[in-house]
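work38.txt, holding compact mmCIF, C-alpha atoms:
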```
# COMPACT_ATOMS: atom_id res chain seq x y z
CA MET A 1 25.38 41.29 22.34
CA GLU A 2 22.33 39.38 21.15
CA ASN A 3 24.50 36.27 20.78
CA PHE A 4 25.99 36.51 24.28
CA SER A 5 24.74 33.72 26.53
CA SER A 6 26.82 34.31 29.67
CA ILE A 7 28.60 37.00 31.64
CA GLN A 8 31.84 35.44 30.45
CA ASP A 9 30.85 36.31 26.86
CA PHE A 10 30.48 39.96 27.89
CA GLU A 11 33.81 39.90 29.70
CA ASN A 12 35.64 38.35 26.75
CA HIS A 13 34.22 40.91 24.35
CA ALA A 14 34.90 43.86 26.67
CA LEU A 15 38.51 42.85 27.30
CA SER A 16 39.12 42.46 23.58
CA HIS A 17 38.15 46.10 23.02
CA LEU A 18 39.24 48.05 26.11
CA PRO A 19 42.75 49.61 26.16
CA GLN A 20 45.31 47.53 28.05
CA ASP A 21 45.74 49.98 30.94
CA VAL A 22 41.97 50.10 31.45
CA GLN A 23 41.79 46.29 31.35
CA ASN A 24 44.48 46.13 34.01
CA TYR A 25 42.64 48.57 36.25
CA TYR A 26 39.37 46.66 36.10
CA THR A 27 40.65 43.08 36.24
CA ARG A 28 43.68 43.01 38.49
CA GLY A 29 43.79 42.89 42.26
CA SER A 30 46.52 43.44 44.82
CA GLY A 31 49.64 41.32 45.35
CA SER A 32 49.56 37.96 43.63
CA GLN A 33 45.77 38.28 43.19
CA GLU A 34 44.98 35.30 45.39
CA THR A 35 41.88 36.95 46.81
CA VAL A 36 40.55 37.84 43.35
CA LYS A 37 40.69 34.12 42.50
CA LEU A 38 39.34 33.00 45.88
CA ASN A 39 36.21 35.13 45.60
CA LYS A 40 35.01 33.09 42.61
CA GLU A 41 36.52 29.72 43.48
CA ALA A 42 34.96 29.62 46.95
CA PHE A 43 31.48 29.50 45.42
CA LYS A 44 32.46 26.36 43.50
CA ARG A 45 33.08 24.56 46.80
CA LEU A 46 29.48 24.98 47.90
CA ARG A 47 26.74 22.54 46.90
CA ILE A 48 23.02 23.30 46.56
CA HIS A 49 20.55 20.69 47.86
CA PRO A 50 17.21 21.33 46.09
CA LYS A 51 13.82 20.58 47.56
CA LEU A 52 11.52 19.02 44.96
CA LEU A 53 7.79 19.20 44.16
CA ARG A 54 7.33 22.46 46.08
CA ASN A 55 4.95 24.24 43.65
CA VAL A 56 7.17 27.10 42.51
CA SER A 57 4.69 28.45 39.94
CA MET A 58 4.24 31.77 41.79
CA ARG A 59 7.84 32.91 42.28
CA ASN A 60 8.74 36.33 43.66
CA ILE A 61 12.44 37.21 43.88
CA SER A 62 11.91 40.70 45.33
CA THR A 63 13.03 41.68 48.83
CA PHE A 64 13.20 44.64 51.21
CA ILE A 65 16.47 46.40 52.03
CA LEU A 66 16.56 49.10 54.73
CA GLY A 67 12.80 49.34 54.34
CA GLU A 68 12.87 49.80 50.56
CA LYS A 69 11.47 47.18 48.18
CA ILE A 70 13.84 46.03 45.43
CA SER A 71 12.99 43.82 42.49
CA MET A 72 15.69 41.24 43.18
CA PRO A 73 18.26 40.59 45.93
CA LEU A 74 21.13 41.99 43.87
CA GLY A 75 22.59 45.47 43.65
CA ILE A 76 25.43 47.15 41.78
CA SER A 77 28.65 47.38 43.78
CA PRO A 78 30.51 50.68 44.04
CA THR A 79 33.06 50.44 41.21
CA GLY A 80 35.52 53.22 40.39
CA LEU A 81 36.18 55.00 37.11
CA GLN A 82 33.19 53.54 35.25
CA LYS A 83 33.46 56.15 32.50
CA LEU A 84 36.57 54.39 31.27
CA ALA A 85 34.28 51.55 30.18
CA HIS A 86 31.62 53.81 28.65
CA SER A 87 31.11 57.56 28.47
CA GLU A 88 27.87 57.38 30.51
CA GLY A 89 29.54 55.48 33.34
CA GLU A 90 27.49 55.22 36.54
CA CYS A 91 24.54 56.95 34.88
CA ALA A 92 24.22 54.07 32.43
CA ASN A 93 24.28 51.56 35.28
CA ALA A 94 21.73 53.61 37.20
CA LYS A 95 19.42 53.77 34.18
CA ALA A 96 19.71 50.03 33.76
CA TYR A 97 18.69 49.31 37.29
CA ALA A 98 30.22 57.21 40.57
CA ASN A 99 33.05 59.24 38.42
CA SER A 100 29.69 60.82 37.67
CA SER A 101 28.35 63.46 39.97
CA ILE A 102 25.72 62.66 42.59
CA GLN A 103 23.16 64.75 40.72
CA GLU A 104 23.92 63.07 37.38
CA VAL A 105 23.27 59.64 38.84
CA ALA A 106 20.10 60.84 40.61
CA ASN A 107 18.75 62.39 37.43
CA ALA A 108 19.62 59.31 35.37
CA ALA A 109 17.45 57.04 37.52
CA PRO A 110 15.01 59.11 39.59
CA GLN A 111 12.99 56.00 40.59
CA GLY A 112 16.03 53.87 41.45
CA ILE A 113 17.24 53.21 44.99
CA LYS A 114 20.64 54.85 45.24
CA TRP A 115 23.29 54.69 47.97
CA LEU A 116 26.34 56.94 48.15
CA GLN A 117 29.67 55.17 48.67
CA LEU A 118 32.44 57.20 50.24
CA THR A 119 35.64 56.98 52.23
CA ILE A 120 36.07 59.29 55.22
CA LEU A 121 38.85 61.68 54.23
CA LYS A 122 40.96 64.03 56.33
CA ASP A 123 38.95 66.92 54.92
CA ARG A 124 35.71 66.36 56.81
CA ASP A 125 34.08 69.35 55.10
CA CYS A 126 34.40 67.42 51.83
CA ILE A 127 32.58 64.44 53.33
CA ILE A 128 29.81 66.63 54.75
CA HIS A 129 29.48 68.28 51.33
CA LEU A 130 29.05 64.88 49.62
CA VAL A 131 26.58 63.69 52.24
CA ARG A 132 24.43 66.82 51.87
CA ARG A 133 24.42 66.46 48.09
CA ALA A 134 23.32 62.83 48.45
CA GLU A 135 20.55 63.78 50.88
CA GLN A 136 19.28 66.50 48.56
CA ALA A 137 19.36 64.11 45.58
CA GLY A 138 17.19 61.53 47.34
CA PHE A 139 19.82 58.90 48.08
CA LYS A 140 18.67 56.33 50.63
CA ALA A 141 21.87 55.38 52.49
CA ILE A 142 25.55 56.17 52.93
CA VAL A 143 28.02 53.31 52.35
CA VAL A 144 31.29 54.03 54.12
CA THR A 145 34.23 51.93 52.94
CA ILE A 146 36.58 51.12 55.83
CA ASP A 147 39.11 48.66 54.37
CA ASN A 148 41.30 51.24 52.63
CA PRO A 149 43.42 53.12 55.21
CA VAL A 150 46.01 53.35 52.44
CA MET A 151 45.90 52.71 48.72
CA PRO A 152 48.23 49.92 47.49
CA ASP A 153 51.00 51.17 45.21
CA SER A 154 49.91 48.82 42.44
CA LYS A 155 46.43 50.31 42.50
CA THR A 156 47.77 53.85 42.78
CA ASN A 157 49.93 53.41 39.70
CA LYS A 158 47.03 52.02 37.66
CA ILE A 159 44.66 54.82 38.64
CA PHE A 160 47.21 57.60 38.19
CA THR A 161 48.03 56.36 34.69
CA ILE A 162 44.43 56.59 33.55
CA SER A 163 42.72 59.06 35.90
CA GLN A 164 43.73 62.05 33.80
CA GLN A 165 41.48 60.76 31.00
CA ILE A 166 38.34 61.60 33.01
CA LYS A 167 37.34 63.76 35.91
CA LEU A 168 36.29 62.41 39.30
CA SER A 169 33.01 64.33 39.24
CA ILE A 170 31.87 63.33 42.69
CA TYR A 171 34.68 65.51 44.10
CA GLN A 172 34.98 68.05 41.28
CA ASP A 173 32.48 70.64 42.44
CA TYR A 174 33.81 70.61 46.01
CA PHE A 175 37.39 71.20 44.92
CA GLU A 176 36.33 73.91 42.50
CA THR A 177 34.71 75.82 45.36
CA LYS A 178 37.76 75.39 47.61
CA TYR A 179 40.66 75.87 45.19
CA SER A 180 41.36 77.86 42.09
CA LYS A 181 41.42 75.73 38.94
CA LYS A 182 45.19 76.03 38.63
CA ASP A 183 45.59 74.70 42.19
CA ILE A 184 43.29 71.69 41.82
CA GLY A 185 45.67 69.67 39.66
CA ASN A 186 44.92 65.96 39.41
CA ILE A 187 41.88 65.35 41.63
CA PHE A 188 42.87 61.73 42.12
CA LEU A 189 46.10 62.89 43.76
CA GLN A 190 44.17 65.39 45.87
CA VAL A 191 41.88 62.63 47.14
CA LYS A 192 44.77 60.23 47.70
CA SER A 193 46.59 62.83 49.78
CA MET A 194 43.50 63.17 52.01
CA MET A 195 43.12 59.46 52.76
CA ASP A 196 43.25 59.05 56.51
CA ASP A 197 45.12 56.10 58.02
CA SER A 198 44.30 57.33 61.54
CA LEU A 199 40.58 56.48 61.26
CA THR A 200 38.91 54.62 64.12
CA TRP A 201 35.37 53.48 64.84
CA LYS A 202 34.74 56.89 66.37
CA ASP A 203 34.81 58.30 62.85
CA VAL A 204 31.92 56.05 61.87
CA SER A 205 30.04 57.48 64.85
CA TRP A 206 30.91 60.97 63.58
CA LEU A 207 29.44 60.14 60.16
CA LYS A 208 26.30 58.81 61.81
CA ARG A 209 25.92 62.13 63.67
CA VAL A 210 26.13 64.28 60.53
CA THR A 211 23.38 62.53 58.57
CA LYS A 212 19.94 61.04 59.14
CA LEU A 213 20.52 58.52 56.36
CA PRO A 214 21.27 54.94 57.43
CA ILE A 215 24.95 53.94 57.41
CA VAL A 216 26.19 50.77 55.71
CA VAL A 217 29.76 49.81 56.63
CA LYS A 218 31.62 48.17 53.73
CA GLY A 219 34.76 46.05 53.99
CA VAL A 220 33.96 43.90 57.03
CA LEU A 221 35.56 40.43 57.23
CA ARG A 222 35.49 39.71 61.00
CA PRO A 223 32.46 39.16 63.27
CA GLU A 224 33.88 41.47 65.94
CA ASP A 225 34.21 44.29 63.41
CA ALA A 226 30.60 43.76 62.35
CA LEU A 227 29.55 44.16 65.99
CA LEU A 228 31.68 47.28 66.37
CA ALA A 229 30.08 48.72 63.25
CA ILE A 230 26.64 48.21 64.76
CA LYS A 231 27.78 49.68 68.08
CA HIS A 232 28.90 52.82 66.25
CA GLY A 233 25.69 53.31 64.29
CA ALA A 234 25.65 51.01 61.26
CA SER A 235 22.30 49.75 60.00
CA GLY A 236 23.92 47.47 57.45
CA ILE A 237 27.12 45.43 57.12
CA LEU A 238 28.58 44.87 53.66
CA VAL A 239 30.90 41.87 53.83
CA SER A 240 33.55 42.76 51.26
CA ASN A 241 37.24 42.41 50.51
CA HIS A 242 37.23 45.20 47.94
CA GLY A 243 37.14 42.69 45.10
CA GLY A 244 40.65 41.59 46.06
CA ARG A 245 41.98 45.08 45.38
CA GLN A 246 43.23 45.97 48.87
CA LEU A 247 44.94 43.39 51.10
CA ASP A 248 45.75 40.18 49.22
CA SER A 249 45.33 36.73 50.83
CA VAL A 250 42.28 37.66 52.88
CA PRO A 251 39.41 35.13 52.76
CA ALA A 252 36.73 35.04 50.12
CA THR A 253 33.67 36.93 51.30
CA ILE A 254 31.37 33.91 51.00
CA GLU A 255 33.73 32.04 53.37
CA VAL A 256 33.40 34.57 56.20
CA LEU A 257 29.74 35.44 55.61
CA PRO A 258 28.13 32.74 57.85
CA ASN A 259 30.07 33.66 61.00
CA ILE A 260 29.33 37.35 60.52
CA VAL A 261 25.63 36.65 59.99
CA LYS A 262 25.60 34.53 63.15
CA ALA A 263 27.29 37.26 65.20
CA VAL A 264 25.05 40.05 63.91
CA GLY A 265 21.74 38.24 64.29
CA ASP A 266 18.84 40.63 63.78
CA ARG A 267 20.74 43.74 64.90
CA ALA A 268 21.56 44.83 61.34
CA GLU A 269 21.18 43.71 57.74
CA VAL A 270 24.11 41.83 56.25
CA TYR A 271 25.07 42.02 52.57
CA MET A 272 28.06 40.74 50.60
CA ASP A 273 29.94 41.27 47.37
CA GLY A 274 32.85 39.50 45.70
CA GLY A 275 32.76 36.78 43.06
CA ILE A 276 29.06 36.95 42.17
CA ARG A 277 28.71 35.80 38.55
CA GLN A 278 25.49 33.76 38.31
CA GLY A 279 22.16 33.04 39.93
CA THR A 280 23.48 30.07 41.89
CA ASP A 281 26.07 32.37 43.53
CA VAL A 282 23.28 34.70 44.64
CA PHE A 283 21.27 31.77 45.98
CA LYS A 284 24.23 30.39 47.95
CA ALA A 285 24.89 33.77 49.56
CA LEU A 286 21.22 34.17 50.52
CA ALA A 287 21.20 30.66 52.00
CA LEU A 288 24.23 31.54 54.13
CA GLY A 289 22.46 34.59 55.52
CA ALA A 290 23.06 37.55 53.20
CA LYS A 291 20.07 39.86 52.86
CA MET A 292 21.30 40.97 49.44
CA VAL A 293 24.41 40.64 47.29
CA PHE A 294 26.25 43.12 45.10
CA MET A 295 27.97 42.64 41.76
CA GLY A 296 30.68 44.92 40.34
CA ARG A 297 32.89 43.84 37.47
CA PRO A 298 30.15 42.17 35.36
CA LEU A 299 28.37 45.52 35.07
CA ILE A 300 31.61 47.03 33.76
CA TRP A 301 31.68 44.39 31.01
CA GLY A 302 28.09 45.24 30.16
CA LEU A 303 28.91 48.94 29.97
CA ALA A 304 31.91 48.30 27.75
CA CYS A 305 29.85 46.19 25.38
CA GLY A 306 26.86 48.46 25.00
CA GLY A 307 26.39 51.22 27.55
CA VAL A 308 22.89 51.25 29.06
CA GLN A 309 21.78 48.35 26.86
CA GLY A 310 24.80 46.28 27.86
CA ALA A 311 24.31 46.94 31.58
CA ARG A 312 20.61 46.14 31.26
CA ALA A 313 21.43 42.92 29.43
CA ILE A 314 23.70 41.85 32.30
CA LEU A 315 21.02 42.61 34.89
CA GLU A 316 18.32 40.80 32.93
CA MET A 317 20.62 37.82 32.47
CA ILE A 318 21.34 37.56 36.19
CA ARG A 319 17.68 38.26 37.08
CA ASN A 320 16.54 35.37 34.88
CA ASP A 321 19.26 33.16 36.32
CA ILE A 322 18.20 33.98 39.90
CA ASP A 323 14.56 33.22 39.08
CA GLU A 324 15.50 29.92 37.41
CA THR A 325 17.69 28.95 40.37
CA PHE A 326 14.82 29.64 42.78
CA ALA A 327 12.54 27.40 40.72
CA MET A 328 14.95 24.49 40.42
CA ALA A 329 16.01 24.71 44.08
CA GLY A 330 12.37 24.62 45.22
CA CYS A 331 11.87 28.18 46.49
CA SER A 332 9.14 30.65 45.62
CA SER A 333 10.56 33.59 47.58
CA VAL A 334 13.64 34.87 49.36
CA GLN A 335 11.98 34.07 52.69
CA GLU A 336 11.94 30.34 51.86
CA ILE A 337 15.72 30.11 51.40
CA THR A 338 17.34 28.54 54.46
CA GLN A 339 20.87 27.47 55.32
CA ASP A 340 20.16 23.78 54.79
CA PHE A 341 20.00 24.39 51.06
CA VAL A 342 23.79 24.74 50.94
CA THR A 343 26.66 22.58 52.18
CA HIS A 344 30.41 22.69 51.70
CA GLU A 345 32.06 20.10 49.48
CA ILE A 346 34.09 18.85 52.47
CA LEU A 347 30.92 17.00 53.53
CA TYR A 348 31.65 14.53 50.73
CA ALA A 349 35.37 14.12 51.41
CA HIS A 350 34.83 10.68 52.97
CA LEU A 351 33.18 9.25 49.84
```

Mind converting the file's structure to structure tokens?
Amino acid sequence: MENFSSIQDFENHALSHLPQDVQNYYTRGSGSQETVKLNKEAFKRLRIHPKLLRNVSMRNISTFILGEKISMPLGISPTGLQKLAHSEGECANAKAYANSSIQEVANAAPQGIKWLQLTILKDRDCIIHLVRRAEQAGFKAIVVTIDNPVMPDSKTNKIFTISQQIKLSIYQDYFETKYSKKDIGNIFLQVKSMMDDSLTWKDVSWLKRVTKLPIVVKGVLRPEDALLAIKHGASGILVSNHGGRQLDSVPATIEVLPNIVKAVGDRAEVYMDGGIRQGTDVFKALALGAKMVFMGRPLIWGLACGGVQGARAILEMIRNDIDETFAMAGCSSVQEITQDFVTHEILYAHL
């Protein structure tokens, strides 16, 4: 790892060592994978306009999210089956900055700011159980994913093929209290059978009523849905297309971010994930209004290459890249980044 100079180096090494079915699970998206490609390519169409001679000697890339201070405007996206990349899974990522249990992750990084990602299932008792465990473990928010009313067959087949290699610990203890071991079977299939395609915004309101933790709604791509999320109790909006793993041919998240930010105003915090690979990507998203961004797959490559050390290397690499981008763009803090730093390449089409 000491010779790796980019996230691409980590990815290349990880993919050369992971089993093929695990590679497929982590890398592939839905359909023809147009959205997977768009997420990264859309960043390339944006240009940064630096401001020069701004005295950037005292840079501070920290920010505040839902009232909590974080060291940089980047978090780790919810990413499934991390133990397929490394035996420590989410715990390794937590230590560096879940098919692991809520308590395992909490114990791995007691000082870290942790959010619980979940999908509202038909079995509401299961959701309440997970929420209570998160509250007791000191988690700071609940992230409810809303863009998965069903699971695409391609994704189902990938997960079913490999899910028997590990247990989905976040659900394990609940199912063990509800069913006998012989009746549990494959927990992935149990969870899949409880996915609820009848969900409405009222269910987000229900989740808000059963916890005092702030709610972040993940999977938003339309301004009107962002406003509905706020109406039904969300404190944060995570602009996301599930890394291209749900509905194919939806826009890249960076493309829809500005209109959602404009619609939301100061009524909630807006975050985004999808396609983040370098400091300039983070900077562009902040300039277009994101309060923070999240990164998923790169942390998997770090895990696969070296567990905690690999994940930490990825985070340090992106941290340094963010700091360098701030300096060269002429910003000393997140607060100084404004929309005029970024324009779309179409501005130069007449040249």

Considering all atoms listed in the file, return as a count of residues only whatever protein or nucleic-acid residues lie within 6 Å of Gly236 (chain A), sequence-local ones (same chain, fewer than 6 positions apart) excluded. 4

Go through A:Leu116, A:Met58, A:Ala14, A:Leu74 one by one, measure the shortest atom-to-atom distance of each to Gly310 (chain A) using all atoms listed in the file, and give the residue with the smallest value.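 Of A:Leu116, A:Met58, A:Ala14, A:Leu74, the one nearest Gly310 (chain A) is A:Ala14, counting all atoms listed in the file.
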
CA of Asp273 (chain A) sits from CA of Asp225 (chain A) at a separation of 16.9 Å

Pick from A:Val282, A:Ala85, A:Leu315, A:Val293: nearest to Ile337 (chain A), with only C-alpha atoms counted?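 For Ile337 (chain A), the nearest of the given residues is A:Val282.
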
Can you pull out the residues contacting Leu347 (chain A)? Cut-off 12 Å, using all atoms listed in the file, and skip same-chain residues under 6 positions away; I want them as a ChimeraX atom specification. /A:45-47

May I have the selected residues written with C-alpha atoms, as a PDB file, keeping the file's coordinate frame?
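And here is the file that came out, result07.pdb:
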```pdb
ATOM      1  CA  ARG A  45      33.080  24.560  46.800  1.00  0.00           C
ATOM      2  CA  LEU A  46      29.480  24.980  47.900  1.00  0.00           C
ATOM      3  CA  ARG A  47      26.740  22.540  46.900  1.00  0.00           C
TER       4      ARG A  47
END
```

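Remark: for Val36 (chain A), the closest of the candidate residues A:Val250, A:Leu18, A:Ile70, A:Ile146 is A:Val250 (distances computed over all atoms listed in the file).
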
From the set A:Met317, A:Ile322, A:Leu221, A:Met272, which residue has the shortest atom-to-atom contact distance to Met295 (chain A), counting all atoms listed in the file?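 Using all atoms listed in the file, the shortest distance to Met295 (chain A) belongs to A:Met272.
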
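Checking A:Asn24, A:Gln136, A:Ser16, A:Gln339 one by one against Val261 (chain A), counting all atoms listed in the file, you find the shortest gap at A:Gln339.
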
Taking (29.8, 42.4, 66.3) in the file's coordinates, which residues come within 12 Å, counting all atoms listed in the file, written as a ChimeraX atom specification? /A:220-234,236-237,259-268,270

From the list A:Met328, A:Leu238, A:Leu288, A:Leu118, the nearest residue to Ile254 (chain A) using all atoms listed in the file is A:Leu288

Could you please determine the separation between CA of Lys114 (chain A) and CA of Asp147 (chain A) in Å, to one decimal place?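 Distance between the two atoms: 21.5 Å.
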
To one decimal place, how far is CA of Gly289 (chain A) from CA of Ile113 (chain A) in Å? 22.0 Å

Counting all atoms listed in the file, write as a ChimeraX atom specification all protein and nucleic acid residues lying at most 7 Å from (34.1, 53.1, 48.4) in the file's frame. /A:78,117-119,144-145

Polymer residues at most 12 Å from Gln335 (chain A), only C-alpha atoms, same-chain spacing of 2 or more positions, as a PyMOL selection string: chain A and resi 59-64+73+283+286-287+289-291+326+331-333+337-339

Non-local contacts of Leu38 (chain A) (9 Å; only C-alpha atoms; under 4 positions in same chain excluded) as a PDB file with C-alpha atoms, in the frame of the given file:
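Result written to out01.pdb:
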```pdb
ATOM      1  CA  GLN A  33      45.770  38.280  43.190  1.00  0.00           C
ATOM      2  CA  GLU A  34      44.980  35.300  45.390  1.00  0.00           C
ATOM      3  CA  ALA A  42      34.960  29.620  46.950  1.00  0.00           C
ATOM      4  CA  PHE A  43      31.480  29.500  45.420  1.00  0.00           C
ATOM      5  CA  GLY A 244      40.650  41.590  46.060  1.00  0.00           C
ATOM      6  CA  SER A 249      45.330  36.730  50.830  1.00  0.00           C
ATOM      7  CA  VAL A 250      42.280  37.660  52.880  1.00  0.00           C
ATOM      8  CA  PRO A 251      39.410  35.130  52.760  1.00  0.00           C
ATOM      9  CA  ALA A 252      36.730  35.040  50.120  1.00  0.00           C
ATOM     10  CA  THR A 253      33.670  36.930  51.300  1.00  0.00           C
ATOM     11  CA  GLY A 275      32.760  36.780  43.060  1.00  0.00           C
TER      12      GLY A 275
END
```

Using the partial input, fill out region 191-200 of chain A with all heavy atoms; write the result as a PDB file, in the frame of the given file.
```
ATOM      1  N   VAL A 191      42.624  63.553  46.298  1.00  0.00           N
ATOM      2  CA  VAL A 191      41.880  62.630  47.140  1.00  0.00           C
ATOM      3  C   VAL A 191      42.837  61.669  47.843  1.00  0.00           C
ATOM      4  O   VAL A 191      42.703  61.401  49.045  1.00  0.00           O
ATOM      5  CB  VAL A 191      40.845  61.848  46.307  1.00  0.00           C
ATOM      6  CG1 VAL A 191      40.180  60.759  47.140  1.00  0.00           C
ATOM      7  CG2 VAL A 191      39.794  62.803  45.744  1.00  0.00           C
ATOM      8  N   LYS A 192      43.809  61.159  47.112  1.00  0.00           N
ATOM      9  CA  LYS A 192      44.770  60.230  47.700  1.00  0.00           C
ATOM     10  C   LYS A 192      45.505  60.877  48.869  1.00  0.00           C
ATOM     11  O   LYS A 192      45.748  60.246  49.900  1.00  0.00           O
ATOM     12  CB  LYS A 192      45.766  59.751  46.650  1.00  0.00           C
ATOM     13  CG  LYS A 192      46.761  58.708  47.176  1.00  0.00           C
ATOM     14  CD  LYS A 192      47.657  58.202  46.058  1.00  0.00           C
ATOM     15  CE  LYS A 192      48.586  57.107  46.585  1.00  0.00           C
ATOM     16  NZ  LYS A 192      49.531  57.578  47.596  1.00  0.00           N
ATOM     17  N   SER A 193      45.858  62.152  48.713  1.00  0.00           N
ATOM     18  CA  SER A 193      46.590  62.830  49.780  1.00  0.00           C
ATOM     19  C   SER A 193      45.730  63.043  51.022  1.00  0.00           C
ATOM     20  O   SER A 193      46.259  63.268  52.112  1.00  0.00           O
ATOM     21  CB  SER A 193      47.097  64.197  49.272  1.00  0.00           C
ATOM     22  OG  SER A 193      46.014  65.108  49.101  1.00  0.00           O
ATOM     23  N   MET A 194      44.403  62.960  50.871  1.00  0.00           N
ATOM     24  CA  MET A 194      43.500  63.170  52.010  1.00  0.00           C
ATOM     25  C   MET A 194      43.022  61.862  52.625  1.00  0.00           C
ATOM     26  O   MET A 194      42.229  61.885  53.569  1.00  0.00           O
ATOM     27  CB  MET A 194      42.302  64.008  51.571  1.00  0.00           C
ATOM     28  CG  MET A 194      42.657  65.458  51.303  1.00  0.00           C
ATOM     29  SD  MET A 194      41.206  66.528  51.212  1.00  0.00           S
ATOM     30  CE  MET A 194      40.373  65.861  49.789  1.00  0.00           C
ATOM     31  N   MET A 195      43.482  60.720  52.114  1.00  0.00           N
ATOM     32  CA  MET A 195      43.120  59.460  52.760  1.00  0.00           C
ATOM     33  C   MET A 195      43.700  59.431  54.159  1.00  0.00           C
ATOM     34  O   MET A 195      44.815  59.885  54.392  1.00  0.00           O
ATOM     35  CB  MET A 195      43.586  58.278  51.919  1.00  0.00           C
ATOM     36  CG  MET A 195      42.865  58.179  50.584  1.00  0.00           C
ATOM     37  SD  MET A 195      43.293  56.714  49.632  1.00  0.00           S
ATOM     38  CE  MET A 195      42.496  55.442  50.612  1.00  0.00           C
ATOM     39  N   ASP A 196      42.925  58.900  55.093  1.00  0.00           N
ATOM     40  CA  ASP A 196      43.250  59.050  56.510  1.00  0.00           C
ATOM     41  C   ASP A 196      43.512  57.683  57.155  1.00  0.00           C
ATOM     42  O   ASP A 196      42.581  56.927  57.439  1.00  0.00           O
ATOM     43  CB  ASP A 196      42.076  59.755  57.213  1.00  0.00           C
ATOM     44  CG  ASP A 196      42.406  60.189  58.624  1.00  0.00           C
ATOM     45  OD1 ASP A 196      43.473  59.782  59.145  1.00  0.00           O
ATOM     46  OD2 ASP A 196      41.600  60.922  59.217  1.00  0.00           O
ATOM     47  N   ASP A 197      44.790  57.390  57.404  1.00  0.00           N
ATOM     48  CA  ASP A 197      45.120  56.100  58.020  1.00  0.00           C
ATOM     49  C   ASP A 197      45.020  56.141  59.548  1.00  0.00           C
ATOM     50  O   ASP A 197      45.399  55.185  60.221  1.00  0.00           O
ATOM     51  CB  ASP A 197      46.488  55.598  57.575  1.00  0.00           C
ATOM     52  CG  ASP A 197      47.623  56.567  57.898  1.00  0.00           C
ATOM     53  OD1 ASP A 197      47.355  57.595  58.555  1.00  0.00           O
ATOM     54  OD2 ASP A 197      48.760  56.300  57.477  1.00  0.00           O
ATOM     55  N   SER A 198      44.504  57.243  60.085  1.00  0.00           N
ATOM     56  CA  SER A 198      44.300  57.330  61.540  1.00  0.00           C
ATOM     57  C   SER A 198      42.845  57.079  61.929  1.00  0.00           C
ATOM     58  O   SER A 198      42.467  57.240  63.092  1.00  0.00           O
ATOM     59  CB  SER A 198      44.730  58.708  62.058  1.00  0.00           C
ATOM     60  OG  SER A 198      43.822  59.713  61.626  1.00  0.00           O
ATOM     61  N   LEU A 199      41.997  56.681  60.977  1.00  0.00           N
ATOM     62  CA  LEU A 199      40.580  56.480  61.260  1.00  0.00           C
ATOM     63  C   LEU A 199      40.359  55.406  62.319  1.00  0.00           C
ATOM     64  O   LEU A 199      41.098  54.416  62.387  1.00  0.00           O
ATOM     65  CB  LEU A 199      39.842  56.084  59.978  1.00  0.00           C
ATOM     66  CG  LEU A 199      39.732  57.135  58.870  1.00  0.00           C
ATOM     67  CD1 LEU A 199      39.052  56.540  57.654  1.00  0.00           C
ATOM     68  CD2 LEU A 199      38.983  58.367  59.350  1.00  0.00           C
ATOM     69  N   THR A 200      39.338  55.622  63.133  1.00  0.00           N
ATOM     70  CA  THR A 200      38.910  54.620  64.120  1.00  0.00           C
ATOM     71  C   THR A 200      37.388  54.517  64.027  1.00  0.00           C
ATOM     72  O   THR A 200      36.727  55.241  63.273  1.00  0.00           O
ATOM     73  CB  THR A 200      39.315  55.011  65.548  1.00  0.00           C
ATOM     74  OG1 THR A 200      38.527  56.152  65.963  1.00  0.00           O
ATOM     75  CG2 THR A 200      40.798  55.339  65.628  1.00  0.00           C
TER      76      THR A 200
END
```
